[in-house]
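First comes the structure, then the notes that go with it.
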Amino acid sequence: MFRIISKSFILPKACSSTCQHAVRNLSHDGNKVWNVYLSGEIHSDWRAQISQGIKEKNLPVILTSPNTSHEDSDDCGAIILGMEEERHNWDKIGANMNNIRTKTLIKDADVVVVRFGEKYRQWNAAFDAGYAAALNKSIITLHPPSISHMLKEVNASASAVCHVPHQVVETLAYVIRGDLPTPLDGGRFIPIADRLGKGNPNP
């Protein structure tokens, strides 16, 4: 059963003719819980920031991620299956074990968020992005603007490219409920119909 959410916004008459009356209607499954997989670097608190933002907005989202303990993800295979004498074998049994979690949770995800940072080289995150793209998952990338060029092919497969964690939260809030924040450009924001003209003059 779907719950219909209707939101109406009446803007001041001071607005231009194209934005005097804006009505937003959004239908969504009120029982759906969204699965969002958070892939990427484990050295900063970006996951905690997204989690906090989702809680504050009370979004119906379950967050999942890889094992974020670097030591455990390195040693899991050797701890459970026994130590290896060569590094590449040690890494292999750990990586294979971690892949059980990664593949399962990405397959189950509605949205995959992939975080890249400036300091660390997230080879695994790039692989996760490619795997998610192959599964036709919706991808949101998250990284500082300074590394946009290096990630242009990854970003080309993303539905949204965010630079800070709260933009990921705002994207999810819009996708799930139709909620929009104050424009990033503040008072300089101009609706597309005013700035670039109507795409269809006779809708």
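Within each chain, counting starts at residue 1; across the structure tokens, chains are named A, B, ... in the order shown, with ligands numbered 1 upward in that order.
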
Select from chain A everything DSSP, run on the backbone, classes as alpha helix (DSSP H), then give the selection as an NGL selection string. :A and (46-57 or 70-81 or 87-108 or 123-134 or 152-156 or 165-177 or 192-195)

Give me the residues near A:Gln52 as a list in words, where near means some atom within 12 Å (using only C-alpha atoms) and where sequence neighbours in that chain fewer than 2 positions away do not count. Asp45, Trp46, Arg47, Ala48, Gln49, Ile50, Ile54, Lys55, Glu56, Lys57, Asn58, Leu59, Val61, Leu63, Pro165, His166, Val168 and Val169 of chain A

Tell me, as number ranges by chain, which residues lie within 7 Å of stretch 92-106 of chain A, counting only C-alpha atoms; anything in the same chain fewer than 3 positions away does not count. A: 37, 66, 73-78, 88-89, 109, 112, 132

Given the selection you just returned, output its residues as a file containing all heavy atoms, formatted as an mmCIF file, in the first residue's frame.
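Dumped everything to result.cif:
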data_model
loop_
_atom_site.group_PDB
_atom_site.id
_atom_site.type_symbol
_atom_site.label_atom_id
_atom_site.label_comp_id
_atom_site.auth_asym_id
_atom_site.auth_seq_id
_atom_site.Cartn_x
_atom_site.Cartn_y
_atom_site.Cartn_z
ATOM 1 N N TYR A 37 24.390 1.478 1.286
ATOM 2 C CA TYR A 37 25.711 0.938 1.590
ATOM 3 C C TYR A 37 26.745 2.054 1.506
ATOM 4 O O TYR A 37 26.796 2.797 0.524
ATOM 5 C CB TYR A 37 26.068 -0.173 0.604
ATOM 6 C CG TYR A 37 27.386 -0.857 0.901
ATOM 7 C CD1 TYR A 37 27.478 -1.812 1.906
ATOM 8 C CD2 TYR A 37 28.533 -0.548 0.185
ATOM 9 C CE1 TYR A 37 28.671 -2.452 2.187
ATOM 10 C CE2 TYR A 37 29.738 -1.178 0.447
ATOM 11 C CZ TYR A 37 29.806 -2.123 1.450
ATOM 12 O OH TYR A 37 30.999 -2.745 1.724
ATOM 13 N N PRO A 66 31.372 -1.879 4.856
ATOM 14 C CA PRO A 66 32.350 -2.944 5.091
ATOM 15 C C PRO A 66 32.819 -2.895 6.538
ATOM 16 O O PRO A 66 32.452 -1.978 7.296
ATOM 17 C CB PRO A 66 33.498 -2.576 4.131
ATOM 18 C CG PRO A 66 33.380 -1.089 3.985
ATOM 19 C CD PRO A 66 31.909 -0.797 4.023
ATOM 20 N N SER A 73 39.967 -6.388 9.295
ATOM 21 C CA SER A 73 39.791 -6.741 7.882
ATOM 22 C C SER A 73 41.071 -7.335 7.297
ATOM 23 O O SER A 73 41.013 -8.151 6.373
ATOM 24 C CB SER A 73 39.346 -5.518 7.072
ATOM 25 O OG SER A 73 40.360 -4.530 7.028
ATOM 26 N N ASP A 74 42.220 -6.933 7.829
ATOM 27 C CA ASP A 74 43.491 -7.518 7.377
ATOM 28 C C ASP A 74 43.684 -8.941 7.898
ATOM 29 O O ASP A 74 44.185 -9.822 7.186
ATOM 30 C CB ASP A 74 44.673 -6.660 7.850
ATOM 31 C CG ASP A 74 44.887 -5.415 7.004
ATOM 32 O OD1 ASP A 74 44.257 -5.313 5.928
ATOM 33 O OD2 ASP A 74 45.673 -4.549 7.427
ATOM 34 N N ASP A 75 43.294 -9.181 9.147
ATOM 35 C CA ASP A 75 43.669 -10.429 9.823
ATOM 36 C C ASP A 75 42.544 -11.458 9.942
ATOM 37 O O ASP A 75 42.775 -12.560 10.455
ATOM 38 C CB ASP A 75 44.188 -10.110 11.229
ATOM 39 C CG ASP A 75 45.526 -9.372 11.196
ATOM 40 O OD1 ASP A 75 46.267 -9.538 10.207
ATOM 41 O OD2 ASP A 75 45.825 -8.650 12.163
ATOM 42 N N CYS A 76 41.328 -11.123 9.479
ATOM 43 C CA CYS A 76 40.193 -12.024 9.711
ATOM 44 C C CYS A 76 40.457 -13.436 9.176
ATOM 45 O O CYS A 76 40.183 -14.432 9.854
ATOM 46 C CB CYS A 76 38.922 -11.449 9.102
ATOM 47 S SG CYS A 76 39.013 -11.152 7.312
ATOM 48 N N GLY A 77 40.982 -13.518 7.958
ATOM 49 C CA GLY A 77 41.224 -14.829 7.376
ATOM 50 C C GLY A 77 42.234 -15.635 8.160
ATOM 51 O O GLY A 77 42.033 -16.829 8.420
ATOM 52 N N ALA A 78 43.327 -14.970 8.560
ATOM 53 C CA ALA A 78 44.374 -15.669 9.295
ATOM 54 C C ALA A 78 43.908 -16.073 10.697
ATOM 55 O O ALA A 78 44.292 -17.130 11.206
ATOM 56 C CB ALA A 78 45.619 -14.782 9.389
ATOM 57 N N HIS A 88 51.068 -12.321 0.398
ATOM 58 C CA HIS A 88 49.983 -12.304 -0.594
ATOM 59 C C HIS A 88 48.932 -13.359 -0.272
ATOM 60 O O HIS A 88 47.738 -13.161 -0.555
ATOM 61 C CB HIS A 88 50.540 -12.482 -2.008
ATOM 62 C CG HIS A 88 51.094 -13.841 -2.305
ATOM 63 N ND1 HIS A 88 50.332 -14.864 -2.809
ATOM 64 C CD2 HIS A 88 52.348 -14.341 -2.153
ATOM 65 C CE1 HIS A 88 51.078 -15.933 -2.973
ATOM 66 N NE2 HIS A 88 52.306 -15.655 -2.585
ATOM 67 N N ASN A 89 49.318 -14.468 0.335
ATOM 68 C CA ASN A 89 48.338 -15.479 0.739
ATOM 69 C C ASN A 89 47.524 -15.007 1.939
ATOM 70 O O ASN A 89 46.318 -15.269 2.041
ATOM 71 C CB ASN A 89 49.040 -16.793 1.062
ATOM 72 C CG ASN A 89 49.571 -17.494 -0.172
ATOM 73 O OD1 ASN A 89 49.012 -17.344 -1.256
ATOM 74 N ND2 ASN A 89 50.657 -18.241 -0.018
ATOM 75 N N ALA A 109 21.684 -3.459 -1.599
ATOM 76 C CA ALA A 109 21.531 -2.007 -1.424
ATOM 77 C C ALA A 109 20.610 -1.388 -2.476
ATOM 78 O O ALA A 109 20.593 -1.804 -3.638
ATOM 79 C CB ALA A 109 22.898 -1.331 -1.488
ATOM 80 N N VAL A 112 24.224 3.037 -3.273
ATOM 81 C CA VAL A 112 25.599 2.822 -2.832
ATOM 82 C C VAL A 112 26.316 4.173 -2.817
ATOM 83 O O VAL A 112 26.407 4.850 -3.843
ATOM 84 C CB VAL A 112 26.349 1.840 -3.756
ATOM 85 C CG1 VAL A 112 27.813 1.694 -3.322
ATOM 86 C CG2 VAL A 112 25.663 0.481 -3.757
ATOM 87 N N ALA A 132 29.055 -1.944 -8.207
ATOM 88 C CA ALA A 132 27.693 -1.406 -8.070
ATOM 89 C C ALA A 132 27.143 -0.973 -9.427
ATOM 90 O O ALA A 132 25.965 -1.200 -9.733
ATOM 91 C CB ALA A 132 27.695 -0.230 -7.093
#

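Picture a line from atom CA of A:Cys162 to atom CA of A:Pro145; it runs 8.9 Å.
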
Could you find all residues in stretch 76-133 of chain A that DSSP calls strand (DSSP E) from the backbone, and write them as a PyMOL selection string? chain A and resi 111-115

Residue selection dump (all heavy atoms) as an mmCIF file, in the first residue's frame:
data_model
loop_
_atom_site.group_PDB
_atom_site.id
_atom_site.type_symbol
_atom_site.label_atom_id
_atom_site.label_comp_id
_atom_site.auth_asym_id
_atom_site.auth_seq_id
_atom_site.Cartn_x
_atom_site.Cartn_y
_atom_site.Cartn_z
ATOM 1 N N VAL A 111 20.884 2.054 -2.674
ATOM 2 C CA VAL A 111 21.810 3.135 -3.033
ATOM 3 C C VAL A 111 23.184 2.776 -2.487
ATOM 4 O O VAL A 111 23.295 2.283 -1.359
ATOM 5 C CB VAL A 111 21.351 4.494 -2.452
ATOM 6 C CG1 VAL A 111 22.333 5.600 -2.825
ATOM 7 C CG2 VAL A 111 19.939 4.840 -2.924
ATOM 8 N N VAL A 112 24.224 3.037 -3.273
ATOM 9 C CA VAL A 112 25.599 2.822 -2.832
ATOM 10 C C VAL A 112 26.316 4.173 -2.817
ATOM 11 O O VAL A 112 26.407 4.850 -3.843
ATOM 12 C CB VAL A 112 26.349 1.840 -3.756
ATOM 13 C CG1 VAL A 112 27.813 1.694 -3.322
ATOM 14 C CG2 VAL A 112 25.663 0.481 -3.757
ATOM 15 N N VAL A 113 26.778 4.564 -1.634
ATOM 16 C CA VAL A 113 27.552 5.799 -1.481
ATOM 17 C C VAL A 113 29.024 5.415 -1.447
ATOM 18 O O VAL A 113 29.427 4.549 -0.679
ATOM 19 C CB VAL A 113 27.171 6.541 -0.179
ATOM 20 C CG1 VAL A 113 28.006 7.811 -0.024
ATOM 21 C CG2 VAL A 113 25.677 6.874 -0.169
ATOM 22 N N VAL A 114 29.819 6.060 -2.304
ATOM 23 C CA VAL A 114 31.243 5.737 -2.391
ATOM 24 C C VAL A 114 32.055 6.980 -2.059
ATOM 25 O O VAL A 114 31.975 7.989 -2.759
ATOM 26 C CB VAL A 114 31.626 5.216 -3.789
ATOM 27 C CG1 VAL A 114 33.066 4.703 -3.786
ATOM 28 C CG2 VAL A 114 30.681 4.104 -4.236
ATOM 29 N N ARG A 115 32.821 6.885 -0.989
ATOM 30 C CA ARG A 115 33.598 8.017 -0.477
ATOM 31 C C ARG A 115 35.079 7.892 -0.864
ATOM 32 O O ARG A 115 35.705 6.845 -0.690
ATOM 33 C CB ARG A 115 33.475 8.069 1.049
ATOM 34 C CG ARG A 115 34.566 8.824 1.774
ATOM 35 C CD ARG A 115 34.466 10.312 1.623
ATOM 36 N NE ARG A 115 35.491 10.982 2.403
ATOM 37 C CZ ARG A 115 35.703 12.293 2.394
ATOM 38 N NH1 ARG A 115 34.937 13.077 1.673
ATOM 39 N NH2 ARG A 115 36.656 12.820 3.132
#

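Ranking A:Gly117, A:Gly130, A:Pro181, A:Pro144 by their shortest atom-to-atom distance to A:Ala156, with only C-alpha atoms included, puts A:Gly130 first.
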
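Distances here use only C-alpha atoms; by that measure, the residue among A:Ala158, A:Leu38, A:Ile139, A:Val175 closest to A:Ser51 is A:Leu38.
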
As a list of chain:residue names, please: the residues near A:Asn124 (cut-off 10 Å, only C-alpha atoms, same-chain neighbours under 4 positions excluded).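 With the cut-off at 10 Å, the set is A:Ser39, A:Gly40, A:Glu41, A:Val114, A:Asp128, A:Ala129, A:Gly130.
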
Please produce a file of the residues just selected, as a JSON list (two decimals), in the first residue's frame, where the atoms kept are N, CA, C and O atoms.
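The result, stored in out_13.json:
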[["chain", "number", "residue", "atom", "x", "y", "z"],
["A", 39, "SER", "N", 30.47, 2.84, 1.18],
["A", 39, "SER", "CA", 31.77, 2.30, 0.80],
["A", 39, "SER", "C", 32.82, 3.41, 0.84],
["A", 39, "SER", "O", 32.51, 4.57, 0.59],
["A", 40, "GLY", "N", 34.07, 3.04, 1.15],
["A", 40, "GLY", "CA", 35.14, 4.02, 1.06],
["A", 40, "GLY", "C", 36.00, 4.11, 2.30],
["A", 40, "GLY", "O", 35.96, 3.23, 3.16],
["A", 41, "GLU", "N", 36.78, 5.17, 2.37],
["A", 41, "GLU", "CA", 37.82, 5.30, 3.39],
["A", 41, "GLU", "C", 37.25, 5.19, 4.81],
["A", 41, "GLU", "O", 36.12, 5.57, 5.07],
["A", 114, "VAL", "N", 29.82, 6.06, -2.30],
["A", 114, "VAL", "CA", 31.24, 5.74, -2.39],
["A", 114, "VAL", "C", 32.05, 6.98, -2.06],
["A", 114, "VAL", "O", 31.97, 7.99, -2.76],
["A", 128, "ASP", "N", 34.40, -1.13, -5.67],
["A", 128, "ASP", "CA", 33.00, -1.18, -5.22],
["A", 128, "ASP", "C", 32.10, -0.39, -6.15],
["A", 128, "ASP", "O", 30.97, -0.81, -6.47],
["A", 129, "ALA", "N", 32.58, 0.78, -6.58],
["A", 129, "ALA", "CA", 31.78, 1.61, -7.49],
["A", 129, "ALA", "C", 31.54, 0.89, -8.81],
["A", 129, "ALA", "O", 30.43, 0.91, -9.35],
["A", 130, "GLY", "N", 32.58, 0.24, -9.33],
["A", 130, "GLY", "CA", 32.42, -0.49, -10.57],
["A", 130, "GLY", "C", 31.48, -1.68, -10.42],
["A", 130, "GLY", "O", 30.66, -1.96, -11.31]]

Between atom CA of A:Leu142 and atom CA of A:His163, what is the distance, to one decimal in Å? 5.4 Å

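Between atom CA of A:Arg121 and atom CA of A:Met150 lies a distance of 11.3 Å.
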